[in-house]
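Participant: Structure supplied as protein_13.txt; contents: compact mmCIF, C-alpha atoms.
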# COMPACT_ATOMS: atom_id res chain seq x y z
CA MET A 1 8.27 72.72 -112.42
CA SER A 2 8.43 69.03 -111.76
CA ILE A 3 7.02 68.30 -115.22
CA ARG A 4 9.64 70.59 -116.77
CA ILE A 5 12.45 68.83 -114.95
CA ASN A 6 11.11 65.46 -116.04
CA THR A 7 10.92 66.67 -119.63
CA ILE A 8 14.53 67.85 -119.51
CA ALA A 9 15.61 64.51 -118.03
CA THR A 10 13.74 62.57 -120.70
CA THR A 11 15.18 64.73 -123.47
CA LEU A 12 18.66 64.16 -122.09
CA THR A 13 18.11 60.42 -122.05
CA LEU A 14 16.83 60.43 -125.60
CA LEU A 15 19.80 62.48 -126.74
CA THR A 16 22.16 59.89 -125.30
CA LEU A 17 20.31 57.01 -126.83
CA THR A 18 21.06 58.39 -130.27
CA ALA A 19 23.10 55.66 -131.88
CA MET A 20 26.70 56.26 -132.76
CA PRO A 21 27.33 56.33 -136.52
CA ALA A 22 27.91 52.76 -137.57
CA PHE A 23 30.67 51.67 -139.88
CA ALA A 24 29.47 50.00 -143.06
CA GLN A 25 30.05 46.26 -143.27
CA ASP A 26 32.79 46.66 -145.90
CA ASN A 27 34.27 49.68 -144.16
CA LYS A 28 35.05 48.46 -140.67
CA PRO A 29 37.18 50.64 -138.42
CA THR A 30 40.93 50.19 -138.30
CA ASP A 31 42.75 49.44 -135.04
CA ALA A 32 43.90 53.09 -134.94
CA GLN A 33 40.28 54.26 -135.18
CA ILE A 34 39.04 51.66 -132.67
CA ALA A 35 41.69 52.69 -130.16
CA HIS A 36 40.65 56.31 -130.51
CA ILE A 37 36.93 55.54 -130.11
CA ALA A 38 37.54 53.48 -126.95
CA TYR A 39 39.90 56.09 -125.53
CA THR A 40 37.46 58.92 -126.31
CA ALA A 41 34.59 57.02 -124.67
CA GLY A 42 36.66 56.82 -121.49
CA VAL A 43 37.73 60.48 -121.57
CA LEU A 44 34.13 61.64 -122.02
CA ASP A 45 32.96 59.65 -119.02
CA VAL A 46 35.81 61.08 -116.94
CA GLU A 47 34.61 64.56 -117.90
CA ALA A 48 31.02 63.66 -117.00
CA GLY A 49 32.25 62.34 -113.65
CA LYS A 50 34.17 65.53 -112.95
CA GLN A 51 31.07 67.58 -113.72
CA ALA A 52 29.05 65.46 -111.27
CA LEU A 53 31.71 65.94 -108.60
CA SER A 54 31.48 69.70 -109.04
CA LEU A 55 27.66 69.85 -109.06
CA SER A 56 26.28 67.00 -106.95
CA LYS A 57 26.01 66.83 -103.19
CA ASN A 58 24.49 63.34 -103.17
CA ALA A 59 26.96 60.94 -101.52
CA GLN A 60 26.05 57.96 -103.71
CA VAL A 61 26.18 59.97 -106.93
CA ARG A 62 29.52 61.45 -105.91
CA ALA A 63 30.96 58.02 -105.03
CA PHE A 64 29.84 56.69 -108.41
CA ALA A 65 31.27 59.72 -110.25
CA GLU A 66 34.55 59.36 -108.39
CA GLN A 67 34.72 55.70 -109.41
CA MET A 68 34.06 56.61 -113.06
CA VAL A 69 36.93 59.13 -113.00
CA LYS A 70 39.31 56.62 -111.41
CA ASP A 71 38.29 53.57 -113.48
CA HIS A 72 38.29 55.23 -116.88
CA THR A 73 41.52 57.10 -116.19
CA ALA A 74 43.24 53.83 -115.18
CA VAL A 75 41.95 51.90 -118.18
CA ASN A 76 42.83 54.71 -120.59
CA GLU A 77 46.39 54.66 -119.23
CA GLN A 78 46.48 50.96 -120.14
CA ALA A 79 45.10 51.77 -123.59
CA LEU A 80 47.72 54.46 -124.15
CA ALA A 81 50.49 52.07 -123.11
CA LEU A 82 49.16 49.48 -125.54
CA VAL A 83 48.91 51.81 -128.55
CA LYS A 84 52.43 53.00 -127.80
CA LYS A 85 53.67 49.42 -127.68
CA LEU A 86 51.83 48.56 -130.90
CA LYS A 87 53.09 51.78 -132.52
CA VAL A 88 49.53 52.70 -133.44
CA THR A 89 48.61 56.38 -133.67
CA PRO A 90 44.99 56.83 -132.52
CA GLU A 91 42.98 58.32 -135.35
CA ASP A 92 39.96 60.60 -135.02
CA ASN A 93 36.92 59.42 -136.97
CA ALA A 94 33.17 59.96 -137.40
CA THR A 95 32.26 57.76 -134.43
CA SER A 96 34.63 59.39 -131.95
CA LYS A 97 33.58 62.84 -133.21
CA SER A 98 29.92 61.95 -132.78
CA LEU A 99 30.52 60.58 -129.29
CA LYS A 100 32.28 63.80 -128.34
CA SER A 101 29.68 66.17 -129.80
CA GLN A 102 26.84 64.29 -128.10
CA ALA A 103 28.68 64.27 -124.78
CA ASP A 104 29.45 68.00 -125.08
CA ALA A 105 25.76 68.73 -125.70
CA LYS A 106 24.81 66.56 -122.76
CA ARG A 107 27.27 68.24 -120.43
CA ALA A 108 25.91 71.66 -121.43
CA ALA A 109 22.34 70.52 -120.74
CA LEU A 110 23.28 68.95 -117.40
CA ALA A 111 25.03 72.17 -116.37
CA LYS A 112 21.62 73.86 -116.32
CA LEU A 113 20.34 71.45 -113.66
CA SER A 114 21.04 71.24 -109.96
CA GLY A 115 20.18 69.20 -106.88
CA ALA A 116 18.04 66.10 -107.30
CA ALA A 117 17.22 66.97 -110.92
CA PHE A 118 20.92 66.94 -111.80
CA ASP A 119 21.56 63.70 -109.88
CA LYS A 120 18.72 61.92 -111.63
CA ALA A 121 19.66 63.19 -115.10
CA TYR A 122 23.36 62.41 -114.60
CA ILE A 123 22.82 58.86 -113.41
CA GLU A 124 20.24 58.13 -116.11
CA ASN A 125 22.65 59.46 -118.70
CA GLU A 126 25.37 57.20 -117.30
CA ILE A 127 23.11 54.18 -117.78
CA ALA A 128 22.29 55.18 -121.35
CA TYR A 129 25.85 56.24 -122.23
CA HIS A 130 27.39 52.99 -121.00
CA GLY A 131 24.68 51.09 -122.87
CA THR A 132 25.53 52.89 -126.10
CA VAL A 133 29.26 52.23 -125.72
CA ASN A 134 28.65 48.58 -124.78
CA SER A 135 26.60 48.11 -127.91
CA ALA A 136 29.34 49.67 -130.07
CA LEU A 137 31.99 47.49 -128.41
CA GLN A 138 29.96 44.31 -128.95
CA THR A 139 28.73 44.87 -132.47
CA THR A 140 31.56 46.82 -134.10
CA LEU A 141 34.72 47.52 -132.15
CA ILE A 142 35.59 44.09 -130.72
CA PRO A 143 34.68 42.13 -133.89
CA SER A 144 36.68 44.60 -136.02
CA ALA A 145 39.85 44.70 -133.90
CA ALA A 146 42.68 43.00 -135.79
CA ASN A 147 45.33 42.99 -133.06
CA GLY A 148 44.84 40.33 -130.38
CA GLU A 149 46.02 42.50 -127.49
CA LEU A 150 43.74 45.34 -128.52
CA LYS A 151 40.82 42.90 -128.78
CA THR A 152 41.57 41.54 -125.27
CA LEU A 153 41.74 45.06 -123.82
CA LEU A 154 38.41 45.91 -125.48
CA GLN A 155 36.83 42.74 -124.08
CA THR A 156 37.96 43.70 -120.58
CA GLY A 157 36.72 47.23 -121.30
CA LEU A 158 33.32 45.81 -122.23
CA LYS A 159 33.09 43.98 -118.87
CA LEU A 160 34.09 47.22 -117.13
CA PHE A 161 31.46 49.28 -118.97
CA GLN A 162 28.81 46.62 -118.33
CA GLY A 163 29.76 46.69 -114.64
CA HIS A 164 29.42 50.48 -114.60
CA GLN A 165 26.04 50.27 -116.30
CA GLN A 166 24.75 47.85 -113.64
CA HIS A 167 26.25 49.95 -110.86
CA ALA A 168 24.58 53.07 -112.31
CA GLU A 169 21.27 51.19 -112.30
CA THR A 170 21.62 50.41 -108.58
CA VAL A 171 22.46 54.06 -107.86
CA ALA A 172 19.53 55.25 -110.02
CA ALA A 173 17.15 53.07 -107.98
CA LYS A 174 18.19 55.02 -104.88
CA VAL A 175 18.21 58.49 -106.49
CA LYS A 176 14.58 59.35 -107.00
CA MET B 1 40.74 -10.70 -55.17
CA GLY B 2 44.42 -9.90 -55.92
CA LEU B 3 44.11 -11.26 -59.40
CA LEU B 4 40.86 -9.39 -59.93
CA HIS B 5 42.53 -6.18 -58.75
CA VAL B 6 45.44 -6.57 -61.17
CA SER B 7 43.05 -7.30 -64.01
CA ARG B 8 41.06 -4.22 -63.19
CA ILE B 9 44.23 -2.09 -63.19
CA SER B 10 45.37 -3.44 -66.54
CA LEU B 11 41.87 -2.94 -67.93
CA VAL B 12 41.92 0.68 -66.83
CA ALA B 13 45.44 1.11 -68.22
CA SER B 14 44.40 -0.38 -71.56
CA ALA B 15 41.40 1.90 -71.68
CA CYS B 16 43.67 4.89 -71.07
CA VAL B 17 46.06 3.83 -73.84
CA CYS B 18 43.16 3.41 -76.23
CA ALA B 19 41.66 6.76 -75.27
CA CYS B 20 45.02 8.47 -75.71
CA ALA B 21 45.57 6.79 -79.05
CA ILE B 22 42.14 7.87 -80.26
CA ALA B 23 42.76 11.40 -79.02
CA MET B 24 46.11 11.49 -80.81
CA LEU B 25 44.58 10.08 -83.97
CA GLY B 26 41.92 12.76 -83.72
CA THR B 27 44.55 15.48 -83.46
CA ALA B 28 46.50 14.07 -86.36
CA SER B 29 43.48 13.89 -88.65
CA ALA B 30 42.09 17.44 -87.92
CA VAL B 31 42.85 19.68 -90.88
CA PRO B 32 44.30 23.01 -89.79
CA PRO B 33 42.62 26.12 -91.26
CA ARG B 34 43.97 27.01 -94.68
CA THR B 35 44.34 30.23 -96.64
CA ILE B 36 42.72 30.07 -100.04
CA SER B 37 43.72 32.66 -102.63
CA ILE B 38 41.33 33.94 -105.27
CA THR B 39 42.76 36.23 -107.92
CA ILE B 40 40.75 39.02 -109.52
CA ASN B 41 41.90 39.67 -113.05
CA ALA B 42 40.34 41.20 -116.17
CA MET B 43 37.09 42.01 -114.34
CA SER B 44 36.54 38.42 -113.12
CA PHE B 45 36.97 36.38 -109.94
CA ALA B 46 39.33 33.55 -110.96
CA SER B 47 37.24 30.88 -109.19
CA PRO B 48 33.55 31.21 -110.09
CA GLU B 49 32.79 28.60 -107.40
CA ARG B 50 35.18 27.51 -104.69
CA ALA B 51 34.76 25.04 -101.80
CA VAL B 52 36.37 25.96 -98.47
CA LYS B 53 35.94 24.93 -94.81
CA VAL B 54 34.67 26.84 -91.81
CA GLY B 55 37.72 28.47 -90.22
CA ASP B 56 39.56 28.87 -93.52
CA THR B 57 40.74 32.29 -94.60
CA VAL B 58 39.94 33.45 -98.11
CA GLU B 59 42.22 36.10 -99.55
CA TRP B 60 41.42 38.02 -102.70
CA LEU B 61 44.24 39.45 -104.82
CA ASN B 62 43.23 42.33 -107.06
CA LYS B 63 45.42 42.29 -110.17
CA ASP B 64 43.25 44.78 -112.06
CA VAL B 65 44.03 48.49 -112.47
CA VAL B 66 40.66 49.41 -110.94
CA ALA B 67 39.33 48.91 -107.39
CA HIS B 68 36.98 46.03 -106.61
CA THR B 69 35.07 44.63 -103.67
CA ALA B 70 34.28 41.06 -102.61
CA THR B 71 30.89 41.47 -100.98
CA GLU B 72 28.72 38.68 -99.60
CA LYS B 73 25.34 39.22 -101.20
CA ASP B 74 22.61 38.29 -98.73
CA ALA B 75 23.67 38.49 -95.08
CA GLY B 76 26.59 40.92 -95.31
CA LEU B 77 28.97 38.31 -93.86
CA TRP B 78 31.97 39.95 -95.46
CA ASP B 79 32.61 43.03 -97.57
CA VAL B 80 36.23 43.71 -98.44
CA THR B 81 37.42 46.57 -100.64
CA LEU B 82 40.52 46.03 -102.74
CA ALA B 83 42.49 48.87 -104.27
CA PRO B 84 44.44 47.97 -107.44
CA GLY B 85 47.20 45.51 -106.52
CA GLU B 86 45.85 44.98 -103.01
CA THR B 87 45.19 41.72 -101.12
CA ARG B 88 42.47 41.46 -98.45
CA LYS B 89 41.27 38.57 -96.32
CA ALA B 90 38.12 37.30 -94.64
CA VAL B 91 37.72 34.31 -92.29
CA MET B 92 34.85 31.98 -93.16
CA LYS B 93 32.88 31.56 -89.94
CA ARG B 94 29.62 30.04 -91.09
CA ALA B 95 28.84 26.98 -93.24
CA GLY B 96 26.67 27.47 -96.28
CA ARG B 97 26.60 28.47 -99.90
CA PHE B 98 27.35 32.16 -100.29
CA ASP B 99 27.12 34.22 -103.45
CA TYR B 100 29.30 37.29 -103.53
CA TYR B 101 29.94 40.07 -106.02
CA CYS B 102 31.77 43.34 -106.62
CA ARG B 103 29.64 46.30 -105.48
CA LEU B 104 31.45 48.59 -107.90
CA HIS B 105 30.98 46.26 -110.88
CA PRO B 106 27.94 44.10 -110.03
CA ASN B 107 28.44 41.93 -113.13
CA MET B 108 31.41 40.33 -111.34
CA LYS B 109 29.98 37.38 -109.40
CA ALA B 110 31.23 34.22 -107.70
CA THR B 111 30.26 31.70 -105.03
CA LEU B 112 31.96 30.28 -101.95
CA VAL B 113 30.71 26.93 -100.66
CA VAL B 114 31.74 26.83 -97.00
CA GLU B 115 31.66 23.28 -95.60
CA ARG B 116 31.78 22.28 -91.94
CA ALA B 117 35.33 21.63 -90.74
CA ALA B 118 36.29 17.95 -90.08
CA LYS B 119 36.31 17.00 -86.35
With the file now loaded, output its structure as structure tokens.

Facilitator:
Amino acid sequence: MSIRINTIATTLTLLTLTAMPAFAQDNKPTDAQIAHIAYTAGVLDVEAGKQALSLSKNAQVRAFAEQMVKDHTAVNEQALALVKKLKVTPEDNATSKSLKSQADAKRAALAKLSGAAFDKAYIENEIAYHGTVNSALQTTLIPSAANGELKTLLQTGLKLFQGHQQHAETVAAKVK
Amino acid sequence: MGLLHVSRISLVASACVCACAIAMLGTASAVPPRTISITINAMSFASPERAVKVGDTVEWLNKDVVAHTATEKDAGLWDVTLAPGETRKAVMKRAGRFDYYCRLHPNMKATLVVERAAK
């Protein structure tokens, strides 16, 4: 049983580590696409947090999940205000679609777990998910952003995601 | 004897004046405790390293849209939680070099160097 749970957890982690589709060098994302990717990344982590709040009884996992819901909701409100100000209409694209389909698959897999197995899989996924988004922000989204305000918001978003990743690592060390 | 007595009195009086003057000087030169403000903005503490004195109050102002903490790392000397827009204070009671961070976003780090207050 324990081996099976470990296998599920490992599979979940590997699923998350799947890289997001990269934009070709000569086909970098537009600000409208970047805004949508960043916004989608936040929405998906809010959904993951809500799932953890409905399934976990672990106080530390719940506190972390609650923080994810609050933080990403607050930052996405800022992002929405900015795109409105810039008169940019967020545009769906291959990267945001891939993020969403992977997160949907992950949520379905996590829904089959409970107790300590869920806590461990959720927090490990949070580490991996934030790592994936951080990588996309650093290598593609921030360098490609044309508007200065959008770039600044993404840079703050990167620090936020990096902070969440480190926080998830401290929680993971206690959830064994 | 009379002369000696007078001299002794004036010596004592002079000593008193000097002592009072020194005491007054001491009072004048003592720096009252201050309040030092450190802003949190864009996921960073505005002062990565800040020197303060024992007895000073440090207040953190959270200008971000997310909650933060200012948490002393090693001895748990202070741990303040700041909701978005909130200001919280801690009095520095011990001299030393103290690293602190945000528990919610551990990549946010800063240092307070607390020096002994002037006497």

Participant: Do you know which residues are at most 9 Å from Val54 in chain B counting only C-alpha atoms, after dropping those on the same chain fewer than 2 positions away, and could you put them as a list in words?

Facilitator: Pro33, Val52, Asp56, Thr57, Val91, Met92, Lys93, Arg94, Ala95, Val114, Glu115, Arg116 and Ala117 of chain B

Participant: Can you work out which residues from chain B touch chain A at a cut-off of 10 Å (counting all atoms listed in the file) and hand them back as a list in words?

Facilitator: Asn41, Ala42, Met43, Ser44, Asp64, Val65, Val66, Ala67, Pro84, Cys102, Arg103, Leu104, His105, Pro106, Asn107 and Met108 of chain B

Participant: Quick one: distance from CA of Ala118 in chain B to CA of Lys53 in chain B in Å, one decimal?

Facilitator: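 Computing the Euclidean distance for CA of Ala118 in chain B and CA of Lys53 in chain B yields 8.4 Å.
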
Participant: Find the spatial neighbours of Leu99 in chain A, counting only C-alpha atoms, within a cut-off of 8 Å - ignore same-chain residues fewer than 2 positions away - and output them as a ChimeraX atom specification.

Facilitator: /A:20,40-41,95-97,101-103

Participant: So which residues fall inside 9 Å of (45.6, 29.7, -98.8) if we count all atoms listed in the file? Mind giving them as a JSON list (two decimals) with C-alpha atoms, in the coordinates of the input?

Facilitator:
[["chain", "number", "residue", "atom", "x", "y", "z"],
["B", 33, "PRO", "CA", 42.62, 26.12, -91.26],
["B", 34, "ARG", "CA", 43.97, 27.01, -94.68],
["B", 35, "THR", "CA", 44.34, 30.23, -96.64],
["B", 36, "ILE", "CA", 42.72, 30.07, -100.04],
["B", 37, "SER", "CA", 43.72, 32.66, -102.63],
["B", 38, "ILE", "CA", 41.33, 33.94, -105.27],
["B", 56, "ASP", "CA", 39.56, 28.87, -93.52],
["B", 57, "THR", "CA", 40.74, 32.29, -94.60],
["B", 58, "VAL", "CA", 39.94, 33.45, -98.11],
["B", 59, "GLU", "CA", 42.22, 36.10, -99.55]]

Participant: Name the residues in contact with Lys100 in chain A at a cut-off of 10 Å, using all atoms listed in the file, excluding same-chain residues fewer than 6 positions from it; report them as an MDAnalysis selection string.

Facilitator: chainID A and resid 37 40:41 43:44 94 106

Participant: Record the distance separating CA of Arg62 in chain A and CA of Leu113 in chain A, expressed in Å with one decimal.

Facilitator: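 Between CA of Arg62 in chain A and CA of Leu113 in chain A the gap is 15.6 Å.
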
Participant: In Å, rounded to a single decimal, give me how far CA of Lys57 in chain A is from CA of Phe118 in chain A.

Facilitator: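 CA of Lys57 in chain A lies 10.0 Å from CA of Phe118 in chain A.
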
Participant: Could you write out as JSON the box around range 54-64 of chain A (axis-aligned, all atoms listed in the file, 3 Å on each side), with centre and edge lengths in Å to one decimal?

Facilitator:
{"center_x": 28.0, "center_y": 63.3, "center_z": -105.3, "size_x": 13.0, "size_y": 19.2, "size_z": 13.5}

Participant: From the set B:Thr81, B:Asn62, B:Ser47, B:Thr69, which residue has the shortest atom-to-atom contact distance to Thr111 in chain B, counting only C-alpha atoms?

Facilitator: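 Selected residue with least distance to Thr111 in chain B: B:Ser47.
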
Participant: Between A:Ala111, A:Ile123, A:Val83, A:Ala172, which residue has the minimum interatomic distance to Ile34 in chain A, considering only C-alpha atoms?

Facilitator: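 The closest residue to Ile34 in chain A is A:Val83.
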